[in-house]
>>> print(open('data-v2.pdb').read())   # PDB, C-alpha atoms
MODEL        1
ATOM      1  CA  MET A   1      27.305   4.985   1.675  1.00  0.00           C
ATOM      2  CA  ALA A   2      23.995   3.176   2.282  1.00  0.00           C
ATOM      3  CA  GLU A   3      23.360   0.302  -0.105  1.00  0.00           C
ATOM      4  CA  ARG A   4      20.720   0.970  -2.721  1.00  0.00           C
ATOM      5  CA  LYS A   5      17.640  -1.199  -2.279  1.00  0.00           C
ATOM      6  CA  ALA A   6      14.034  -1.405  -3.388  1.00  0.00           C
ATOM      7  CA  TRP A   7      11.380   0.637  -1.600  1.00  0.00           C
ATOM      8  CA  SER A   8       8.874  -1.432   0.364  1.00  0.00           C
ATOM      9  CA  ASP A   9       5.288  -0.415   1.141  1.00  0.00           C
ATOM     10  CA  GLN A  10       6.407   0.236   4.720  1.00  0.00           C
ATOM     11  CA  ASP A  11       9.182   2.518   3.484  1.00  0.00           C
ATOM     12  CA  ARG A  12       6.757   4.502   1.357  1.00  0.00           C
ATOM     13  CA  LEU A  13       4.348   4.973   4.257  1.00  0.00           C
ATOM     14  CA  GLN A  14       7.173   6.200   6.479  1.00  0.00           C
ATOM     15  CA  ALA A  15       8.327   8.603   3.772  1.00  0.00           C
ATOM     16  CA  LEU A  16       4.761   9.873   3.336  1.00  0.00           C
ATOM     17  CA  ALA A  17       4.530  10.498   7.088  1.00  0.00           C
ATOM     18  CA  LEU A  18       7.714  12.560   6.960  1.00  0.00           C
ATOM     19  CA  TYR A  19       6.661  14.345   3.773  1.00  0.00           C
ATOM     20  CA  CYS A  20       3.530  15.607   5.488  1.00  0.00           C
ATOM     21  CA  ARG A  21       5.573  16.920   8.412  1.00  0.00           C
ATOM     22  CA  LEU A  22       7.924  19.052   6.323  1.00  0.00           C
ATOM     23  CA  SER A  23       7.427  22.158   4.224  1.00  0.00           C
ATOM     24  CA  PHE A  24       8.465  22.192   0.574  1.00  0.00           C
ATOM     25  CA  GLY A  25      11.721  23.984   1.323  1.00  0.00           C
ATOM     26  CA  GLN A  26      12.742  21.291   3.824  1.00  0.00           C
ATOM     27  CA  LEU A  27      12.720  18.376   1.376  1.00  0.00           C
ATOM     28  CA  HIS A  28      16.488  18.093   1.036  1.00  0.00           C
ATOM     29  CA  ARG A  29      19.272  15.730   2.083  1.00  0.00           C
ATOM     30  CA  GLU A  30      20.713  18.033   4.759  1.00  0.00           C
ATOM     31  CA  ARG A  31      17.478  18.283   6.728  1.00  0.00           C
ATOM     32  CA  PRO A  32      17.954  16.459  10.109  1.00  0.00           C
ATOM     33  CA  GLU A  33      14.661  14.563   9.866  1.00  0.00           C
ATOM     34  CA  VAL A  34      15.590  13.355   6.362  1.00  0.00           C
ATOM     35  CA  ILE A  35      19.000  12.203   7.576  1.00  0.00           C
ATOM     36  CA  HIS A  36      17.460  10.381  10.554  1.00  0.00           C
ATOM     37  CA  LEU A  37      14.875   8.571   8.428  1.00  0.00           C
ATOM     38  CA  ALA A  38      17.573   7.594   5.941  1.00  0.00           C
ATOM     39  CA  GLU A  39      19.665   6.111   8.759  1.00  0.00           C
ATOM     40  CA  GLN A  40      16.670   4.158  10.041  1.00  0.00           C
ATOM     41  CA  MET A  41      15.986   2.792   6.570  1.00  0.00           C
ATOM     42  CA  GLY A  42      19.607   2.039   5.720  1.00  0.00           C
ATOM     43  CA  ARG A  43      19.494   4.458   2.791  1.00  0.00           C
ATOM     44  CA  SER A  44      21.269   7.620   1.756  1.00  0.00           C
ATOM     45  CA  ALA A  45      19.778  10.970   2.698  1.00  0.00           C
ATOM     46  CA  SER A  46      19.736  11.839  -1.005  1.00  0.00           C
ATOM     47  CA  SER A  47      17.549   8.807  -1.732  1.00  0.00           C
ATOM     48  CA  VAL A  48      15.011   9.794   0.938  1.00  0.00           C
ATOM     49  CA  ALA A  49      15.028  13.438  -0.165  1.00  0.00           C
ATOM     50  CA  MET A  50      14.345  12.315  -3.735  1.00  0.00           C
ATOM     51  CA  LYS A  51      11.399  10.200  -2.608  1.00  0.00           C
ATOM     52  CA  LEU A  52       9.951  13.173  -0.713  1.00  0.00           C
ATOM     53  CA  SER A  53      10.356  15.331  -3.816  1.00  0.00           C
ATOM     54  CA  ASN A  54       8.592  12.632  -5.854  1.00  0.00           C
ATOM     55  CA  TYR A  55       5.602  12.979  -3.513  1.00  0.00           C
ATOM     56  CA  ALA A  56       5.775  16.754  -3.973  1.00  0.00           C
ATOM     57  CA  SER A  57       5.314  16.278  -7.724  1.00  0.00           C
ATOM     58  CA  LEU A  58       1.982  14.547  -7.005  1.00  0.00           C
ATOM     59  CA  ASP A  59       0.769  17.044  -4.403  1.00  0.00           C
ATOM     60  CA  PRO A  60      -1.849  19.551  -5.630  1.00  0.00           C
ATOM     61  CA  GLU A  61      -1.024  21.816  -2.678  1.00  0.00           C
ATOM     62  CA  VAL A  62       2.483  22.222  -4.085  1.00  0.00           C
ATOM     63  CA  ARG A  63       1.147  23.045  -7.560  1.00  0.00           C
ATOM     64  CA  VAL A  64      -1.342  25.563  -6.183  1.00  0.00           C
ATOM     65  CA  LEU A  65       1.543  27.401  -4.515  1.00  0.00           C
ATOM     66  CA  GLY A  66       3.431  27.579  -7.810  1.00  0.00           C
ATOM     67  CA  LYS A  67       6.066  24.963  -6.978  1.00  0.00           C
ATOM     68  CA  LYS A  68       6.903  21.511  -8.261  1.00  0.00           C
ATOM     69  CA  GLY A  69       8.783  18.432  -7.137  1.00  0.00           C
ATOM     70  CA  LEU A  70      10.779  15.829  -9.036  1.00  0.00           C
ATOM     71  CA  SER A  71       9.018  14.013 -11.853  1.00  0.00           C
ATOM     72  CA  GLY A  72      10.327  10.523 -11.119  1.00  0.00           C
ATOM     73  CA  ALA A  73       7.494   9.192  -8.954  1.00  0.00           C
ATOM     74  CA  SER A  74       7.067   5.452  -9.423  1.00  0.00           C
ATOM     75  CA  ARG A  75       3.813   3.647 -10.092  1.00  0.00           C
ATOM     76  CA  GLN A  76       3.773   2.523  -6.441  1.00  0.00           C
ATOM     77  CA  ASP A  77       4.287   6.124  -5.276  1.00  0.00           C
ATOM     78  CA  ARG A  78       1.363   7.258  -7.398  1.00  0.00           C
ATOM     79  CA  LEU A  79      -0.883   4.448  -6.162  1.00  0.00           C
ATOM     80  CA  LEU A  80      -0.129   5.288  -2.532  1.00  0.00           C
ATOM     81  CA  TRP A  81      -0.751   8.988  -3.128  1.00  0.00           C
ATOM     82  CA  GLU A  82      -4.025   8.286  -4.949  1.00  0.00           C
ATOM     83  CA  ARG A  83      -5.112   6.061  -2.076  1.00  0.00           C
ATOM     84  CA  PHE A  84      -4.192   8.797   0.413  1.00  0.00           C
ATOM     85  CA  ILE A  85      -6.363  11.316  -1.454  1.00  0.00           C
ATOM     86  CA  ALA A  86      -9.267   8.861  -1.792  1.00  0.00           C
ATOM     87  CA  ASP A  87      -9.129   7.533   1.782  1.00  0.00           C
ATOM     88  CA  PRO A  88      -6.862   9.812   3.836  1.00  0.00           C
ATOM     89  CA  LYS A  89      -8.042   8.554   7.205  1.00  0.00           C
ATOM     90  CA  SER A  90      -7.080   4.920   6.519  1.00  0.00           C
ATOM     91  CA  VAL A  91      -3.734   5.810   4.952  1.00  0.00           C
ATOM     92  CA  ALA A  92      -2.981   8.151   7.863  1.00  0.00           C
ATOM     93  CA  VAL A  93      -3.562   5.288  10.294  1.00  0.00           C
ATOM     94  CA  GLU A  94      -1.256   3.049   8.247  1.00  0.00           C
ATOM     95  CA  SER A  95       1.402   5.779   8.104  1.00  0.00           C
ATOM     96  CA  GLU A  96       1.195   6.299  11.864  1.00  0.00           C
ATOM     97  CA  ALA A  97       1.703   2.570  12.392  1.00  0.00           C
ATOM     98  CA  ALA A  98       4.637   2.482   9.969  1.00  0.00           C
ATOM     99  CA  TRP A  99       6.245   5.490  11.641  1.00  0.00           C
ATOM    100  CA  ALA A 100       5.861   3.828  15.051  1.00  0.00           C
ATOM    101  CA  GLU A 101       8.223   1.093  13.834  1.00  0.00           C
ATOM    102  CA  LEU A 102      11.063   3.606  13.654  1.00  0.00           C
ATOM    103  CA  ASP A 103      13.407   4.353  16.538  1.00  0.00           C
ATOM    104  CA  PRO A 104      12.228   7.805  17.710  1.00  0.00           C
ATOM    105  CA  ARG A 105      15.638   8.761  19.146  1.00  0.00           C
ATOM    106  CA  GLY A 106      17.360  11.527  17.265  1.00  0.00           C
ATOM    107  CA  ASP A 107      14.177  13.002  15.778  1.00  0.00           C
ATOM    108  CA  SER A 108      15.026  16.701  15.713  1.00  0.00           C
ATOM    109  CA  ALA A 109      11.388  17.722  16.005  1.00  0.00           C
ATOM    110  CA  GLU A 110      11.479  16.577  19.640  1.00  0.00           C
ATOM    111  CA  ALA A 111      15.189  16.876  20.325  1.00  0.00           C
ATOM    112  CA  ASP A 112      14.983  19.952  22.549  1.00  0.00           C
ATOM    113  CA  GLU A 113      11.908  18.880  24.516  1.00  0.00           C
ATOM    114  CA  ASP A 114      11.904  16.931  27.758  1.00  0.00           C
ATOM    115  CA  TYR A 115       9.697  13.972  26.890  1.00  0.00           C
ATOM    116  CA  THR A 116      10.482  10.380  27.819  1.00  0.00           C
ATOM    117  CA  GLY A 117       9.047   6.891  27.432  1.00  0.00           C
ATOM    118  CA  SER A 118       5.410   6.498  26.465  1.00  0.00           C
ATOM    119  CA  GLU A 119       4.834  10.247  26.652  1.00  0.00           C
ATOM    120  CA  ALA A 120       7.395  10.826  23.892  1.00  0.00           C
ATOM    121  CA  TYR A 121       5.792   8.111  21.734  1.00  0.00           C
ATOM    122  CA  ALA A 122       2.316   9.590  22.269  1.00  0.00           C
ATOM    123  CA  LEU A 123       3.549  13.068  21.345  1.00  0.00           C
ATOM    124  CA  GLN A 124       5.316  11.808  18.226  1.00  0.00           C
ATOM    125  CA  ARG A 125       2.275   9.792  17.130  1.00  0.00           C
ATOM    126  CA  ARG A 126       0.032  12.813  17.609  1.00  0.00           C
ATOM    127  CA  ARG A 127       2.334  15.009  15.533  1.00  0.00           C
ATOM    128  CA  ILE A 128       2.403  12.485  12.715  1.00  0.00           C
ATOM    129  CA  GLY A 129      -1.387  12.254  12.808  1.00  0.00           C
ATOM    130  CA  GLN A 130      -1.752  16.029  12.782  1.00  0.00           C
ATOM    131  CA  SER A 131       0.604  16.472   9.826  1.00  0.00           C
ATOM    132  CA  LEU A 132      -1.211  13.829   7.764  1.00  0.00           C
ATOM    133  CA  PHE A 133      -4.543  15.415   8.732  1.00  0.00           C
ATOM    134  CA  ARG A 134      -3.273  18.836   7.650  1.00  0.00           C
ATOM    135  CA  LYS A 135      -2.147  17.568   4.260  1.00  0.00           C
ATOM    136  CA  ALA A 136      -5.501  15.846   3.640  1.00  0.00           C
ATOM    137  CA  VAL A 137      -7.419  19.010   4.600  1.00  0.00           C
ATOM    138  CA  MET A 138      -5.251  21.268   2.422  1.00  0.00           C
ATOM    139  CA  VAL A 139      -5.791  19.021  -0.586  1.00  0.00           C
ATOM    140  CA  ARG A 140      -9.522  18.751   0.132  1.00  0.00           C
ATOM    141  CA  TYR A 141      -9.941  22.539   0.229  1.00  0.00           C
ATOM    142  CA  ASP A 142      -7.542  23.334  -2.613  1.00  0.00           C
ATOM    143  CA  THR A 143      -5.169  25.100  -0.178  1.00  0.00           C
ATOM    144  CA  ARG A 144      -7.644  27.950   0.176  1.00  0.00           C
ATOM    145  CA  CYS A 145      -9.121  29.536   3.304  1.00  0.00           C
ATOM    146  CA  VAL A 146     -12.861  28.777   3.266  1.00  0.00           C
ATOM    147  CA  ILE A 147     -13.644  32.244   4.662  1.00  0.00           C
ATOM    148  CA  THR A 148     -11.312  34.601   2.807  1.00  0.00           C
ATOM    149  CA  GLY A 149     -10.017  32.550  -0.138  1.00  0.00           C
ATOM    150  CA  LEU A 150      -6.443  33.260   0.989  1.00  0.00           C
ATOM    151  CA  ARG A 151      -3.719  30.940  -0.375  1.00  0.00           C
ATOM    152  CA  HIS A 152      -0.433  31.007   1.536  1.00  0.00           C
ATOM    153  CA  GLU A 153       0.958  27.915   3.256  1.00  0.00           C
ATOM    154  CA  ASP A 154       2.433  29.872   6.178  1.00  0.00           C
ATOM    155  CA  LEU A 155      -0.910  31.504   7.001  1.00  0.00           C
ATOM    156  CA  LEU A 156      -3.239  28.525   6.557  1.00  0.00           C
ATOM    157  CA  ILE A 157      -4.188  26.046   9.262  1.00  0.00           C
ATOM    158  CA  ALA A 158      -6.095  22.762   9.111  1.00  0.00           C
ATOM    159  CA  SER A 159      -8.568  23.426  11.901  1.00  0.00           C
ATOM    160  CA  HIS A 160     -10.280  20.545  13.676  1.00  0.00           C
ATOM    161  CA  ILE A 161     -14.023  21.181  13.908  1.00  0.00           C
ATOM    162  CA  VAL A 162     -14.478  18.754  16.789  1.00  0.00           C
ATOM    163  CA  PRO A 163     -11.261  19.158  18.823  1.00  0.00           C
ATOM    164  CA  TRP A 164      -8.540  16.498  18.908  1.00  0.00           C
ATOM    165  CA  GLN A 165      -9.326  15.552  22.504  1.00  0.00           C
ATOM    166  CA  ALA A 166     -13.122  15.474  22.223  1.00  0.00           C
ATOM    167  CA  ARG A 167     -13.662  12.696  19.680  1.00  0.00           C
ATOM    168  CA  PRO A 168     -10.611  10.444  19.129  1.00  0.00           C
ATOM    169  CA  GLU A 169     -12.238   8.446  16.322  1.00  0.00           C
ATOM    170  CA  SER A 170     -12.570  11.645  14.239  1.00  0.00           C
ATOM    171  CA  ARG A 171      -9.040  12.971  14.682  1.00  0.00           C
ATOM    172  CA  LEU A 172      -7.805  11.934  11.240  1.00  0.00           C
ATOM    173  CA  ASP A 173     -11.053  12.451   9.316  1.00  0.00           C
ATOM    174  CA  PRO A 174     -10.519  15.328   6.838  1.00  0.00           C
ATOM    175  CA  ALA A 175     -14.288  15.959   6.914  1.00  0.00           C
ATOM    176  CA  ASN A 176     -13.599  17.084  10.500  1.00  0.00           C
ATOM    177  CA  GLY A 177     -11.389  19.853   9.165  1.00  0.00           C
ATOM    178  CA  LEU A 178     -11.619  23.353   7.768  1.00  0.00           C
ATOM    179  CA  CYS A 179      -8.880  25.242   5.960  1.00  0.00           C
ATOM    180  CA  LEU A 180      -8.705  28.593   7.752  1.00  0.00           C
ATOM    181  CA  ASN A 181      -6.245  31.444   7.951  1.00  0.00           C
ATOM    182  CA  ALA A 182      -4.552  31.952  11.309  1.00  0.00           C
ATOM    183  CA  LEU A 183      -6.913  34.677  12.589  1.00  0.00           C
ATOM    184  CA  HIS A 184     -10.132  32.838  11.775  1.00  0.00           C
ATOM    185  CA  ASP A 185      -8.693  29.553  13.020  1.00  0.00           C
ATOM    186  CA  ARG A 186      -8.137  31.192  16.398  1.00  0.00           C
ATOM    187  CA  ALA A 187     -11.640  32.686  16.402  1.00  0.00           C
ATOM    188  CA  PHE A 188     -13.130  29.298  15.472  1.00  0.00           C
ATOM    189  CA  ASP A 189     -11.112  27.502  18.158  1.00  0.00           C
ATOM    190  CA  LYS A 190     -12.269  29.977  20.822  1.00  0.00           C
ATOM    191  CA  GLY A 191     -15.937  29.794  19.805  1.00  0.00           C
ATOM    192  CA  LEU A 192     -16.040  33.351  18.473  1.00  0.00           C
ATOM    193  CA  LEU A 193     -16.812  32.000  14.989  1.00  0.00           C
ATOM    194  CA  ALA A 194     -18.960  29.041  13.958  1.00  0.00           C
ATOM    195  CA  ILE A 195     -20.945  27.656  11.015  1.00  0.00           C
ATOM    196  CA  ASP A 196     -24.724  27.372  11.380  1.00  0.00           C
ATOM    197  CA  ASP A 197     -27.148  24.823   9.885  1.00  0.00           C
ATOM    198  CA  ARG A 198     -27.563  26.985   6.764  1.00  0.00           C
ATOM    199  CA  ASP A 199     -23.821  26.863   6.029  1.00  0.00           C
ATOM    200  CA  ARG A 200     -23.349  30.491   7.048  1.00  0.00           C
ATOM    201  CA  ILE A 201     -20.537  32.036   9.061  1.00  0.00           C
ATOM    202  CA  ARG A 202     -21.736  33.180  12.456  1.00  0.00           C
ATOM    203  CA  ILE A 203     -19.828  35.606  14.657  1.00  0.00           C
ATOM    204  CA  SER A 204     -20.269  35.615  18.418  1.00  0.00           C
ATOM    205  CA  PRO A 205     -22.270  38.482  19.999  1.00  0.00           C
ATOM    206  CA  GLU A 206     -19.098  39.210  21.955  1.00  0.00           C
ATOM    207  CA  LEU A 207     -17.818  40.727  18.710  1.00  0.00           C
ATOM    208  CA  THR A 208     -21.062  41.891  17.062  1.00  0.00           C
ATOM    209  CA  GLY A 209     -22.888  43.310  20.071  1.00  0.00           C
ATOM    210  CA  ALA A 210     -20.743  46.359  20.606  1.00  0.00           C
ATOM    211  CA  ALA A 211     -19.111  49.017  18.482  1.00  0.00           C
ATOM    212  CA  PRO A 212     -15.916  47.708  16.890  1.00  0.00           C
ATOM    213  CA  ASN A 213     -12.704  48.828  18.556  1.00  0.00           C
ATOM    214  CA  GLY A 214     -10.377  48.023  15.700  1.00  0.00           C
ATOM    215  CA  ARG A 215     -10.242  47.022  12.032  1.00  0.00           C
ATOM    216  CA  LEU A 216      -9.913  43.288  12.647  1.00  0.00           C
ATOM    217  CA  LYS A 217     -12.866  43.206  15.018  1.00  0.00           C
ATOM    218  CA  ALA A 218     -14.952  45.149  12.497  1.00  0.00           C
ATOM    219  CA  GLN A 219     -13.938  42.738   9.736  1.00  0.00           C
ATOM    220  CA  LEU A 220     -14.948  39.761  11.865  1.00  0.00           C
ATOM    221  CA  ARG A 221     -18.296  41.367  12.630  1.00  0.00           C
ATOM    222  CA  ASP A 222     -18.934  41.993   8.924  1.00  0.00           C
ATOM    223  CA  LEU A 223     -18.573  38.262   8.194  1.00  0.00           C
ATOM    224  CA  ASP A 224     -21.704  37.393  10.178  1.00  0.00           C
ATOM    225  CA  GLY A 225     -24.228  35.674   7.903  1.00  0.00           C
ATOM    226  CA  GLN A 226     -21.847  35.253   4.938  1.00  0.00           C
ATOM    227  CA  PRO A 227     -21.542  31.845   3.186  1.00  0.00           C
ATOM    228  CA  LEU A 228     -18.383  29.763   3.188  1.00  0.00           C
ATOM    229  CA  ILE A 229     -16.184  29.689   0.064  1.00  0.00           C
ATOM    230  CA  LEU A 230     -16.502  26.019  -0.828  1.00  0.00           C
ATOM    231  CA  SER A 231     -16.976  23.591  -3.664  1.00  0.00           C
ATOM    232  CA  PRO A 232     -19.721  20.959  -3.201  1.00  0.00           C
ATOM    233  CA  ARG A 233     -17.197  18.114  -3.012  1.00  0.00           C
ATOM    234  CA  ALA A 234     -15.279  19.735  -0.153  1.00  0.00           C
ATOM    235  CA  PHE A 235     -18.015  20.496   2.349  1.00  0.00           C
ATOM    236  CA  PRO A 236     -17.158  19.433   5.910  1.00  0.00           C
ATOM    237  CA  ASN A 237     -19.278  16.959   7.860  1.00  0.00           C
ATOM    238  CA  ARG A 238     -22.382  18.798   9.044  1.00  0.00           C
ATOM    239  CA  ASP A 239     -22.639  16.684  12.202  1.00  0.00           C
ATOM    240  CA  TYR A 240     -19.226  17.977  13.222  1.00  0.00           C
ATOM    241  CA  LEU A 241     -20.255  21.560  12.452  1.00  0.00           C
ATOM    242  CA  ALA A 242     -23.468  21.137  14.474  1.00  0.00           C
ATOM    243  CA  TRP A 243     -21.431  19.810  17.414  1.00  0.00           C
ATOM    244  CA  HIS A 244     -19.114  22.826  17.266  1.00  0.00           C
ATOM    245  CA  PHE A 245     -22.037  25.251  16.987  1.00  0.00           C
ATOM    246  CA  ARG A 246     -23.774  23.613  19.958  1.00  0.00           C
ATOM    247  CA  GLU A 247     -20.793  22.988  22.216  1.00  0.00           C
ATOM    248  CA  CYS A 248     -18.291  25.746  21.389  1.00  0.00           C
ATOM    249  CA  PHE A 249     -20.054  28.809  19.956  1.00  0.00           C
ATOM    250  CA  ARG A 250     -20.218  31.685  22.432  1.00  0.00           C
ATOM    251  CA  ARG A 251     -23.740  33.059  22.059  1.00  0.00           C
TER     252      ARG A 251
ENDMDL
END
>>> encode(input="data-v2.pdb", output="structure tokens")
Amino acid sequence: MAERKAWSDQDRLQALALYCRLSFGQLHRERPEVIHLAEQMGRSASSVAMKLSNYASLDPEVRVLGKKGLSGASRQDRLLWERFIADPKSVAVESEAAWAELDPRGDSAEADEDYTGSEAYALQRRRIGQSLFRKAVMVRYDTRCVITGLRHEDLLIASHIVPWQARPESRLDPANGLCLNALHDRAFDKGLLAIDDRDRIRISPELTGAAPNGRLKAQLRDLDGQPLILSPRAFPNRDYLAWHFRECFRR
């Protein structure tokens, strides 16, 4: 059995990185990623699973979905979580760096893929960044689709406004994200949906210019000109939205 020891700041950042990669139902000691992190830390899988469940108790996304974690979060856990909510981009960068200190071998998320060397590291780093970005966006938007108001973790996506590849410095900025359901995320990604300078949903003429040929297409068309469902504190960066409208929207 791994010897019990105090949690360092580095340990907490690594646990946060893993927490953001897993769903609520995966926060247990038999999960391969939990076991691997525990081995890297020299801890028991139960200890790591408990830390992940402590984070869950602080996570408003978990509460919104009617779930709850363990109530034993330490003062240091709470301070890290509060810092993540206040400045998610900086904490995401720190968590990426902490995760990079781990030996990536044996990570089940990549176990069945043929990646080697620097390519494997780059893929792993990107996945960590994306999972931290998703968590920050979900918290920012109260785990609610900004178009439909839908709340279901399996149907919601943290959509980059400016794509991952286009502006590296904005990859982890939650203001570069929208919480969208899977259908509208796809439409947004393909330029069939955008947000104009009056904060209205705009639908491409490719969908509005002809008679609808199905219910979903008709529903998309009916969104044209409607406002987003947002609170003032959660509005995305308008420069990012303007870039998407200019560069991606199919007029």
>>> resolve_selection(input="data-v2.pdb", expression="the PyMOL selection byres ((chain A and resi 235) around 12)", output="list of chain:residue names")
A:Val137, A:Arg140, A:Tyr141, A:Asp142, A:Val146, A:Pro174, A:Ala175, A:Asn176, A:Gly177, A:Leu178, A:Cys179, A:Ile195, A:Asp199, A:Pro227, A:Leu228, A:Ile229, A:Leu230, A:Ser231, A:Pro232, A:Arg233, A:Ala234, A:Pro236, A:Asn237, A:Arg238, A:Asp239, A:Tyr240, A:Leu241
>>> atom_distance(input="data-v2.pdb", atom1="atom CA of Ala182 of chain A", atom2="atom CA of Lys217 of chain A")
14.5 Å
>>> residues_near_point(input="data-v2.pdb", point="(-24.9, 41.1, 13.5)", cutoff="10 Å", atoms="all atoms listed in the file", output="VMD selection string")
chain A and resid 202 to 205 207 to 210 221 to 225
>>> closest_residue(input="data-v2.pdb", among="A:Leu18, A:Leu37, A:Ala136, A:Val91", to="Pro60 of chain A", atoms="all atoms listed in the file")
A:Ala136
>>> closest_atom_pairs(input="data-v2.pdb", of="segment 122-204 of chain A", to="segment 74-88 of chain A", cutoff="8 Å", atoms="all atoms listed in the file", output="JSON lines")
{"residue": "A:Leu132", "atom": "CA", "partner": "A:Pro88", "partner_atom": "CA", "distance": 8.0}
{"residue": "A:Phe133", "atom": "CA", "partner": "A:Pro88", "partner_atom": "CA", "distance": 7.8}
{"residue": "A:Ala136", "atom": "CA", "partner": "A:Pro88", "partner_atom": "CA", "distance": 6.2}
{"residue": "A:Val139", "atom": "CA", "partner": "A:Ile85", "partner_atom": "CA", "distance": 7.8}
{"residue": "A:Leu172", "atom": "CA", "partner": "A:Pro88", "partner_atom": "CA", "distance": 7.8}
{"residue": "A:Asp173", "atom": "CA", "partner": "A:Pro88", "partner_atom": "CA", "distance": 7.4}
{"residue": "A:Pro174", "atom": "CA", "partner": "A:Pro88", "partner_atom": "CA", "distance": 7.3}
>>> write_last_selection(input="data-v2.pdb", atoms="C-alpha atoms", output="short mmCIF file (atom, residue, chain, number, x, y, z; two decimals), keeping the file's coordinate frame")
data_model
loop_
_atom_site.label_atom_id
_atom_site.label_comp_id
_atom_site.auth_asym_id
_atom_site.auth_seq_id
_atom_site.Cartn_x
_atom_site.Cartn_y
_atom_site.Cartn_z
CA LEU A 132 -1.21 13.83 7.76
CA PHE A 133 -4.54 15.42 8.73
CA ALA A 136 -5.50 15.85 3.64
CA VAL A 139 -5.79 19.02 -0.59
CA LEU A 172 -7.80 11.93 11.24
CA ASP A 173 -11.05 12.45 9.32
CA PRO A 174 -10.52 15.33 6.84
#
>>> closest_residue(input="data-v2.pdb", among="A:Phe245, A:Ala49, A:Ala166, A:Gln219", to="Asp197 of chain A", atoms="all atoms listed in the file")
A:Phe245
>>> closest_residue(input="data-v2.pdb", among="A:Leu13, A:Ala242, A:Val48, A:Val62", to="Leu102 of chain A", atoms="all atoms listed in the file")
A:Leu13
